[in-house]
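model-v4.txt, holding compact mmCIF, C-alpha atoms:
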```txt
# COMPACT_ATOMS: atom_id res chain seq x y z
CA PHE T 113 262.37 230.74 268.37
CA VAL T 114 259.67 228.13 268.90
CA SER T 115 258.03 230.33 271.56
CA LEU T 116 258.04 233.29 269.16
CA VAL T 117 256.37 231.12 266.52
CA GLY T 118 253.67 230.44 269.11
CA VAL T 119 253.26 234.17 269.81
CA LEU T 120 252.88 234.83 266.08
CA GLY T 121 250.26 232.09 265.77
CA PHE T 122 248.34 233.48 268.74
CA ALA T 123 248.45 236.99 267.25
CA ILE T 124 246.98 235.69 263.98
CA GLY T 125 244.31 233.61 265.72
CA SER T 126 243.23 236.40 268.06
CA GLY T 127 242.84 238.89 265.22
CA VAL T 128 245.69 241.27 265.98
CA PHE T 129 246.17 241.87 262.26
CA ALA T 130 242.44 242.11 261.46
CA ARG T 131 240.76 245.42 260.73
CA ARG T 132 239.39 246.85 263.96
CA ARG T 133 235.85 248.06 264.38
CA LYS T 134 235.04 250.85 266.79
CA SER T 135 231.94 249.09 268.04
CA LEU T 136 230.79 245.50 268.17
CA GLY T 137 227.44 246.66 266.84
CA VAL T 138 225.39 245.50 269.80
CA SER T 139 222.22 247.29 270.70
CA PRO T 140 221.69 247.78 274.45
CA GLY T 141 219.27 245.27 275.91
CA LYS T 142 217.58 244.77 279.24
CA SER T 143 219.74 243.00 281.78
CA ARG T 144 218.32 240.03 283.64
CA ILE T 145 219.74 241.55 286.83
CA ASN T 146 221.09 245.04 287.51
CA LEU T 147 224.77 245.81 287.85
CA ARG T 148 224.82 246.50 291.58
CA ALA T 149 223.01 243.25 292.35
CA SER T 150 225.39 241.38 290.02
CA ILE T 151 228.43 242.76 291.87
CA VAL T 152 226.90 241.87 295.26
CA ILE T 153 226.09 238.31 294.15
CA LEU T 154 229.47 237.68 292.51
CA GLY T 155 231.38 239.31 295.37
CA GLY T 156 229.36 237.36 297.94
CA ILE T 157 230.18 234.04 296.29
CA GLY T 158 233.84 235.04 296.10
CA LEU T 159 233.88 236.09 299.76
CA LEU T 160 232.33 232.76 300.77
CA ALA T 161 234.97 230.86 298.79
CA PHE T 162 237.78 232.85 300.42
CA ALA T 163 236.26 232.25 303.88
CA MET T 164 236.15 228.49 303.27
CA HIS T 165 239.76 228.65 302.10
CA TYR T 166 240.82 230.61 305.17
CA LEU T 167 239.06 228.17 307.51
CA ARG T 168 240.62 225.20 305.65
CA ILE T 169 237.19 223.72 304.91
CA GLU T 170 237.83 220.86 302.48
CA PHE T 171 235.47 218.50 300.70
CA PRO T 172 235.36 216.80 297.28
CA MET T 173 235.76 219.49 294.61
CA SER T 174 236.58 222.17 297.21
CA GLY T 175 239.54 223.26 295.06
CA ALA T 176 237.22 223.79 292.09
CA VAL T 177 234.79 225.76 294.25
CA LEU T 178 237.62 227.99 295.48
CA GLU T 179 238.84 228.63 291.95
CA MET T 180 235.31 229.46 290.78
CA GLY T 181 234.82 231.82 293.72
CA ARG T 182 238.16 233.52 293.12
CA ASN T 183 237.28 234.08 289.45
CA LEU T 184 233.84 235.45 290.32
CA ALA T 185 235.42 237.80 292.86
CA MET T 186 237.67 239.12 290.09
CA ALA T 187 234.64 239.54 287.83
CA ALA T 188 232.96 241.58 290.58
CA ILE T 189 236.05 243.81 290.98
CA CYS T 190 236.32 244.40 287.23
CA LEU T 191 232.61 245.21 286.92
CA GLY T 192 232.89 247.51 289.94
CA ALA T 193 235.80 249.37 288.36
CA TRP T 194 233.85 249.59 285.11
CA THR T 195 230.86 251.03 287.00
CA SER T 196 233.03 253.69 288.67
CA TRP T 197 234.61 254.58 285.35
CA ARG T 198 231.20 254.95 283.67
CA ALA T 199 230.01 257.19 286.51
CA GLY T 200 233.18 259.31 286.45
CA ARG T 201 234.22 258.17 289.94
CA SER T 202 237.63 256.94 291.08
CA MET T 203 238.44 253.27 290.60
CA LEU T 204 240.79 253.39 293.60
CA PRO T 205 238.44 251.52 296.02
CA TRP T 206 238.34 248.57 293.64
CA MET T 207 242.10 248.64 293.20
CA LEU T 208 242.48 248.59 297.00
CA LEU T 209 240.13 245.61 297.20
CA LEU T 210 242.33 243.81 294.68
CA CYS T 211 245.38 244.65 296.82
CA LEU T 212 243.65 243.07 299.82
CA ILE T 213 243.31 239.81 297.90
CA VAL T 214 247.01 239.95 296.99
CA LEU T 215 247.88 240.52 300.66
CA TYR T 216 245.56 237.68 301.68
CA TYR T 217 247.60 235.15 299.71
CA LEU T 218 250.91 236.75 300.62
CA VAL T 219 250.51 237.02 304.40
CA LEU T 220 248.49 233.87 305.07
CA PHE T 221 250.12 231.48 302.62
CA GLY T 222 253.40 233.06 301.52
CA PHE T 223 252.41 232.98 297.84
CA VAL T 224 252.11 235.80 295.32
CA SER T 225 251.27 233.71 292.25
CA TYR T 226 247.47 234.02 292.55
CA GLY T 227 247.73 237.69 293.42
CA PHE T 228 250.02 238.29 290.45
CA LEU T 229 247.53 236.48 288.20
CA MET T 230 244.68 238.68 289.43
CA VAL T 231 246.67 241.87 288.94
CA ASN T 232 247.35 240.78 285.35
CA ILE T 233 243.63 240.17 284.81
CA MET T 234 242.79 243.64 286.13
CA VAL T 235 245.45 245.26 283.94
CA GLY T 236 244.13 243.36 280.92
CA PHE T 237 240.55 244.43 281.63
CA TYR T 238 241.67 248.04 282.07
CA LEU T 239 243.56 248.07 278.77
CA ALA T 240 240.75 246.35 276.87
CA GLN T 241 237.72 248.18 278.24
CA LEU T 242 238.78 251.40 279.95
CA ARG T 243 242.15 252.61 278.66
CA GLN T 244 241.09 252.70 275.01
CA HIS T 245 238.55 255.42 275.71
CA GLN T 246 241.06 257.80 277.23
CA SER T 247 242.84 260.37 275.07
CA ARG T 248 246.55 260.14 275.85
CA THR T 249 249.48 260.48 273.54
CA GLY T 250 251.32 257.38 272.40
CA LEU T 251 254.57 258.68 273.94
CA ARG T 252 253.05 259.04 277.38
CA GLU T 253 251.52 255.57 277.12
CA ALA T 254 254.89 254.10 276.15
CA LEU T 255 256.65 255.83 279.05
CA MET T 256 254.02 254.65 281.54
CA SER T 257 254.32 251.09 280.22
CA ALA T 258 258.12 251.19 280.56
CA LEU T 259 257.79 252.54 284.10
CA GLY T 260 255.30 249.81 284.96
CA ILE T 261 257.62 247.08 283.66
CA TYR T 262 260.54 248.57 285.58
CA LEU T 263 258.50 248.69 288.78
CA ALA T 264 257.35 245.09 288.23
CA LEU T 265 260.96 243.95 287.84
CA THR T 266 261.93 245.71 291.07
CA LEU T 267 259.06 244.10 292.98
CA PHE T 268 259.79 240.71 291.37
CA VAL T 269 263.46 240.70 292.38
CA GLY T 270 262.64 242.11 295.82
CA TRP T 271 260.07 239.39 296.52
CA PHE T 272 262.38 236.56 295.47
CA SER T 273 265.16 237.92 297.66
CA PHE T 274 263.10 237.23 300.82
CA ARG T 275 260.50 234.72 299.60
CA GLY T 276 262.21 231.88 301.48
CA GLU T 277 261.98 233.76 304.77
CA MET T 278 258.27 234.41 304.21
CA ARG T 279 257.56 230.78 303.38
CA LYS T 280 259.41 229.57 306.50
CA ALA T 281 257.49 232.00 308.70
CA VAL T 282 254.13 230.93 307.26
CA GLU T 283 254.91 227.20 307.38
CA ALA T 284 256.17 227.50 310.98
CA GLY T 285 252.76 228.82 312.01
CA SER T 286 253.99 232.29 312.93
CA THR T 287 251.46 234.88 314.03
CA SER T 288 250.22 237.51 311.60
CA SER T 289 252.34 240.18 313.30
CA GLU T 290 255.47 238.03 312.90
CA VAL T 291 254.71 237.42 309.24
CA TRP T 292 254.12 241.16 308.76
CA GLU T 293 257.47 241.84 310.39
CA VAL T 294 259.23 239.52 307.92
CA LEU T 295 257.36 241.16 305.04
CA SER T 296 258.14 244.74 306.12
CA ASP T 297 261.80 243.85 306.72
CA GLY T 298 262.04 242.29 303.25
CA ILE T 299 260.44 245.31 301.62
CA SER T 300 262.83 247.65 303.43
CA ARG T 301 265.77 245.67 302.01
CA THR T 302 264.40 245.72 298.46
CA GLU T 303 266.64 247.68 296.09
CA ILE T 304 265.74 249.42 292.85
CA PHE T 305 266.39 247.08 289.93
CA VAL T 306 269.49 247.93 287.90
CA PRO T 307 270.76 245.89 284.92
CA TRP T 308 274.32 245.68 286.30
CA ASN T 309 273.18 243.95 289.51
CA PHE T 310 274.07 240.36 288.58
CA ALA T 311 272.40 238.90 291.68
CA ALA T 312 269.10 240.47 290.51
CA LEU T 313 269.67 239.26 286.94
CA ASP T 314 270.27 235.74 288.26
CA ILE T 315 266.90 235.81 290.04
CA VAL T 316 265.15 236.84 286.82
CA ASN T 317 267.05 234.28 284.76
CA ILE T 318 266.45 231.37 287.14
CA ARG T 319 262.73 232.06 287.50
CA LEU T 320 262.02 232.63 283.81
CA ASN T 321 263.46 229.25 282.90
CA LEU T 322 260.69 227.60 280.89
CA PRO T 323 262.60 228.01 277.59
CA VAL T 324 265.37 225.86 279.13
CA PHE T 325 262.88 223.02 279.61
CA ILE T 326 261.55 223.51 276.08
CA GLY T 327 265.09 223.33 274.69
CA LEU T 328 265.88 220.12 276.61
CA MET T 329 262.62 218.59 275.40
CA MET T 330 263.44 219.48 271.78
CA GLU T 331 266.87 217.84 272.12
CA GLN T 332 265.24 214.69 273.46
CA HIS T 333 262.73 214.60 270.61
CA ASP T 334 265.40 215.25 267.97
CA SER T 335 267.40 212.25 269.19
CA ASN T 336 264.34 210.05 269.70
CA PRO T 337 261.49 210.90 267.27
CA SER T 338 259.36 208.06 268.67
CA MET T 339 258.66 210.28 271.70
CA ARG T 340 256.26 212.39 269.62
CA LEU T 341 252.76 211.93 271.05
CA HIS T 342 250.67 212.91 267.97
CA GLY T 343 247.89 214.53 269.98
CA ALA T 344 247.61 211.97 272.79
CA THR T 345 247.65 214.61 275.57
CA LEU T 346 245.24 216.90 273.68
CA VAL T 347 242.58 214.24 273.14
CA ILE T 348 241.92 213.94 276.88
CA ILE T 349 241.40 217.71 277.38
CA PRO T 350 237.55 217.43 277.25
CA LEU T 351 237.75 214.85 280.03
CA ALA T 352 239.27 217.44 282.38
CA ILE T 353 235.80 218.72 283.31
CA VAL T 354 234.87 215.35 284.87
CA PRO T 355 235.46 215.66 288.65
CA ARG T 356 237.75 213.07 290.26
CA ILE T 357 235.03 212.30 292.78
CA PHE T 358 233.26 210.55 289.89
CA TRP T 359 236.42 209.29 288.17
CA PRO T 360 239.27 208.79 290.68
CA GLU T 361 241.57 207.23 288.05
CA LYS T 362 241.23 210.14 285.62
CA PRO T 363 244.58 210.50 283.77
CA GLU T 364 246.70 213.48 284.74
CA ARG T 365 247.90 216.05 282.24
CA GLY T 366 251.18 217.92 282.48
CA GLY T 367 253.03 218.28 285.76
CA SER T 368 256.45 217.15 286.92
CA ASP T 369 256.20 213.56 285.64
CA PHE T 370 255.33 214.79 282.17
CA MET T 371 258.27 217.19 282.32
CA ASN T 372 260.60 214.41 283.52
CA ASP T 373 259.59 212.10 280.68
CA HIS T 374 260.30 214.61 277.91
CA THR T 375 263.36 216.47 279.24
CA GLY T 376 265.31 213.65 280.86
CA LEU T 377 265.48 215.58 284.13
CA SER T 378 264.70 214.37 287.63
CA LEU T 379 262.75 217.23 289.19
CA SER T 380 261.80 217.80 292.81
CA GLU T 381 258.84 215.74 293.97
CA THR T 382 257.69 218.49 296.32
CA THR T 383 257.19 221.04 293.52
CA THR T 384 254.85 220.93 290.55
CA PHE T 385 256.48 222.02 287.28
CA GLY T 386 254.03 223.24 284.65
CA THR T 387 255.05 222.60 281.06
CA GLY T 388 253.11 225.33 279.27
CA SER T 389 251.37 225.36 275.91
CA VAL T 390 254.53 225.70 273.77
CA PHE T 391 255.96 222.58 275.40
CA GLU T 392 252.76 220.57 274.99
CA PHE T 393 252.05 221.56 271.39
CA TYR T 394 255.63 220.70 270.40
CA VAL T 395 255.53 217.34 272.20
CA ASN T 396 252.47 216.43 270.15
CA PHE T 397 253.09 217.87 266.68
CA GLY T 398 256.43 219.67 266.61
CA LEU T 399 256.93 223.21 265.30
CA VAL T 400 253.87 223.02 263.03
CA GLY T 401 251.81 222.03 266.05
CA VAL T 402 253.04 225.05 268.01
CA PHE T 403 252.06 227.47 265.25
CA PHE T 404 248.60 226.08 264.43
CA GLY T 405 247.90 225.19 268.05
CA PHE T 406 248.38 228.82 269.03
CA VAL T 407 246.32 230.00 266.06
CA LEU T 408 243.46 227.87 267.41
CA LEU T 409 244.08 229.03 270.97
CA GLY T 410 244.04 232.68 269.87
CA TRP T 411 240.80 232.13 267.94
CA ILE T 412 239.12 230.58 271.00
CA VAL T 413 240.29 233.40 273.31
CA ARG T 414 239.11 235.98 270.77
CA ARG T 415 235.61 234.48 270.68
CA ILE T 416 235.39 234.39 274.47
CA ASP T 417 236.71 237.95 274.72
CA ARG T 418 234.31 239.33 272.14
CA GLY T 419 231.42 237.45 273.78
CA ALA T 420 232.23 239.17 277.07
CA ALA T 421 232.53 242.56 275.35
CA ARG T 422 229.15 242.15 273.63
CA ALA T 423 227.53 241.20 276.92
CA LEU T 424 229.07 244.26 278.58
CA GLU T 425 227.78 246.57 275.83
CA ARG T 426 224.23 245.25 276.12
CA GLY T 427 224.34 245.33 279.94
CA ASP T 428 223.98 241.58 280.49
CA PHE T 429 226.28 241.35 283.49
CA LEU T 430 225.67 237.69 284.30
CA ASP T 431 226.70 236.86 280.74
CA VAL T 432 229.83 239.00 281.21
CA SER T 433 230.70 236.91 284.24
CA ARG T 434 229.99 233.66 282.43
CA TYR T 435 232.44 234.57 279.67
CA PHE T 436 234.86 236.05 282.23
CA VAL T 437 235.31 232.85 284.22
```

Serialized structure, structure tokens:
Amino acid sequence: FVSLVGVLGFAIGSGVFARRRKSLGVSPGKSRINLRASIVILGGIGLLAFAMHYLRIEFPMSGAVLEMGRNLAMAAICLGAWTSWRAGRSMLPWMLLLCLIVLYYLVLFGFVSYGFLMVNIMVGFYLAQLRQHQSRTGLREALMSALGIYLALTLFVGWFSFRGEMRKAVEAGSTSSEVWEVLSDGISRTEIFVPWNFAALDIVNIRLNLPVFIGLMMEQHDSNPSMRLHGATLVIIPLAIVPRIFWPEKPERGGSDFMNDHTGLSLSETTTFGTGSVFEFYVNFGLVGVFFGFVLLGWIVRRIDRGAARALERGDFLDVSRYFV
């Protein structure tokens, strides 16, 4: 219920219920740099960041550099797809490039989380900027969405059924061919998702467990109201941009310790548990905080989104990337 209140607040803040305008009313302007050059620059920075990651080159703030490069690479892929769409060409090459990034994380590190995030970004960009201009019936759109969700569930359950084997192979330093063998064997054993397969339902239930943590936290706060933080974790958000190289003792936000303190659990020290925005808003201000916190969050995302859309309409591709990241 609390999570749904957050969704409602976000919908209000992001303007879901506002009257839509067909155009943002932006007159085309002259770009500081052309689209092809923008894609080359952004993609080059992203490729450099991935190369440093692959070679395990570490230095102060290397994690931030990698994240910036990964985001700029996604901006390049989205702009490339947008270019192909505008020219009437296939967007398949850009989709394949995105798949290569997913495989990069999967085969070399045994993780799909970053790849899954990037696929979501691409889907969001497609729906926001490309899909709306195509003339398809609502029924076909609904059926395609249902099929996509069904396929995602099948892939999700399939991956978690052999994720442990992949992680062991990667951590043991197996060769690429050995990792590929584990991956292909796992894919061959993947079954189509069916709702009466309780082993598959258990995988979904166990992984999508954040509401359990939220419920435990709410029980703790109900029995001990003094645990309410009244905005203490939100005040330090602006300090997050200060690199630890300049401030080694910078306070941490979220994570397993934060989860332990507010749920009463003792979680694994080798895994980081993210709390999420519903959890954090409730810890600070309760149900009211969840609603208005998500209204504010939706308003911020809406402004960023519309800023990116305006920049895209006027052809200012560096500005698109600035809003994008």

Write out as a PDB file with C-alpha atoms, in the coordinates of the input which residues come within 12 Å of region 300-305 of chain T when counting all atoms listed in the file, dropping same-chain ones fewer than 5 positions away.
```pdb
ATOM      1  CA  LEU T 259     257.790 252.540 284.100  1.00  0.00           C
ATOM      2  CA  ILE T 261     257.620 247.080 283.660  1.00  0.00           C
ATOM      3  CA  TYR T 262     260.540 248.570 285.580  1.00  0.00           C
ATOM      4  CA  LEU T 263     258.500 248.690 288.780  1.00  0.00           C
ATOM      5  CA  ALA T 264     257.350 245.090 288.230  1.00  0.00           C
ATOM      6  CA  LEU T 265     260.960 243.950 287.840  1.00  0.00           C
ATOM      7  CA  THR T 266     261.930 245.710 291.070  1.00  0.00           C
ATOM      8  CA  LEU T 267     259.060 244.100 292.980  1.00  0.00           C
ATOM      9  CA  PHE T 268     259.790 240.710 291.370  1.00  0.00           C
ATOM     10  CA  VAL T 269     263.460 240.700 292.380  1.00  0.00           C
ATOM     11  CA  GLY T 270     262.640 242.110 295.820  1.00  0.00           C
ATOM     12  CA  TRP T 271     260.070 239.390 296.520  1.00  0.00           C
ATOM     13  CA  PHE T 272     262.380 236.560 295.470  1.00  0.00           C
ATOM     14  CA  SER T 273     265.160 237.920 297.660  1.00  0.00           C
ATOM     15  CA  PHE T 274     263.100 237.230 300.820  1.00  0.00           C
ATOM     16  CA  ARG T 275     260.500 234.720 299.600  1.00  0.00           C
ATOM     17  CA  GLU T 293     257.470 241.840 310.390  1.00  0.00           C
ATOM     18  CA  VAL T 294     259.230 239.520 307.920  1.00  0.00           C
ATOM     19  CA  LEU T 295     257.360 241.160 305.040  1.00  0.00           C
ATOM     20  CA  PHE T 310     274.070 240.360 288.580  1.00  0.00           C
ATOM     21  CA  ALA T 311     272.400 238.900 291.680  1.00  0.00           C
ATOM     22  CA  ALA T 312     269.100 240.470 290.510  1.00  0.00           C
ATOM     23  CA  LEU T 313     269.670 239.260 286.940  1.00  0.00           C
ATOM     24  CA  ILE T 315     266.900 235.810 290.040  1.00  0.00           C
ATOM     25  CA  VAL T 316     265.150 236.840 286.820  1.00  0.00           C
TER      26      VAL T 316
END
```

| task | Can you work out which one of T:Arg243, T:Arg415, T:Arg182, T:Arg426 has the shortest atom-to-atom distance to Gly227 (chain T), counting all atoms listed in the file? | result |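 Among the listed residues, T:Arg182 lies closest to Gly227 (chain T).
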
| field | For Leu341 (chain T): contacts at 8 Å, only C-alpha atoms, fewer than 4 positions along chain excluded, given as a ChimeraX atom specification | value | /T:345,395-397

| field | Given all atoms listed in the file as the counted atoms, nearest of T:Tyr216, T:Trp308, T:Trp292, T:Phe391 to Leu328 (chain T) | value |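 Comparing T:Tyr216, T:Trp308, T:Trp292, T:Phe391 against Leu328 (chain T), the winner is T:Phe391.
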
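The space separating CA of Ala188 (chain T) from CA of Gly156 (chain T) comes to 9.2 Å.
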
Any chance you could work out the axis-aligned box around region 178-181 of chain T, listed atoms only, 8 Å on each side, giving centre and edge lengths in Å to one decimal, as AutoDock Vina command-line options?
```
--center_x 236.8 --center_y 229.9 --center_z 293.1 --size_x 20.0 --size_y 19.8 --size_z 20.7
```

| request: Would you list the contacts of Glu392 (chain T) as a PyMOL selection string, taking every protein, DNA or RNA residue within 12 Å and counting only C-alpha atoms, but skipping same-chain residues closer than 6 positions in sequence? | output: chain T and resi 114-115+118+325-326+329-330+340-346+349+365-367+370-371+374+386+398-399+401-403+405-406

| field | Asn232 (chain T) environment, 12 Å, all atoms listed in the file, sequence neighbours closer than 5 positions dropped, as a ChimeraX atom specification | value | /T:186,190,210,214,225-227,237-239,264

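Atom pair CA of Ala185 (chain T) / CA of Leu159 (chain T): separated by 7.3 Å.
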
| Given all atoms listed in the file as the counted atoms, nearest of T:Gly327, T:Gly276, T:Gly158, T:Gly192 to Leu178 (chain T) |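 Closest residue, counting all atoms listed in the file: T:Gly158.
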
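Our summary of the geometry notes that CA of Ser433 (chain T) is positioned 22.0 Å from CA of Val354 (chain T).
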
| query | Skipping near chain neighbours, those fewer than 2 positions away, what residues fall within 12 Å of Leu184 (chain T) using all atoms listed in the file, listed as a ChimeraX atom specification? | reply | /T:150-162,177-182,186-191,230,429-430,432-437

| So, counting all atoms listed in the file, which residue among T:Met173, T:Leu255, T:Ala420, T:Met278 is closest to Arg356 (chain T)? | T:Met173

| Nearest candidate to Glu283 (chain T) (options T:Gly222, T:Pro360, T:Gly127, T:Gly260; using all atoms listed in the file) |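 The shortest atom-to-atom distance to Glu283 (chain T) comes from T:Gly222.
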
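Distance annotation: of T:Leu251, T:Leu322, T:Met256, T:Leu120, the residue with the minimal separation from Phe385 (chain T) is T:Leu322; atom set is only C-alpha atoms.
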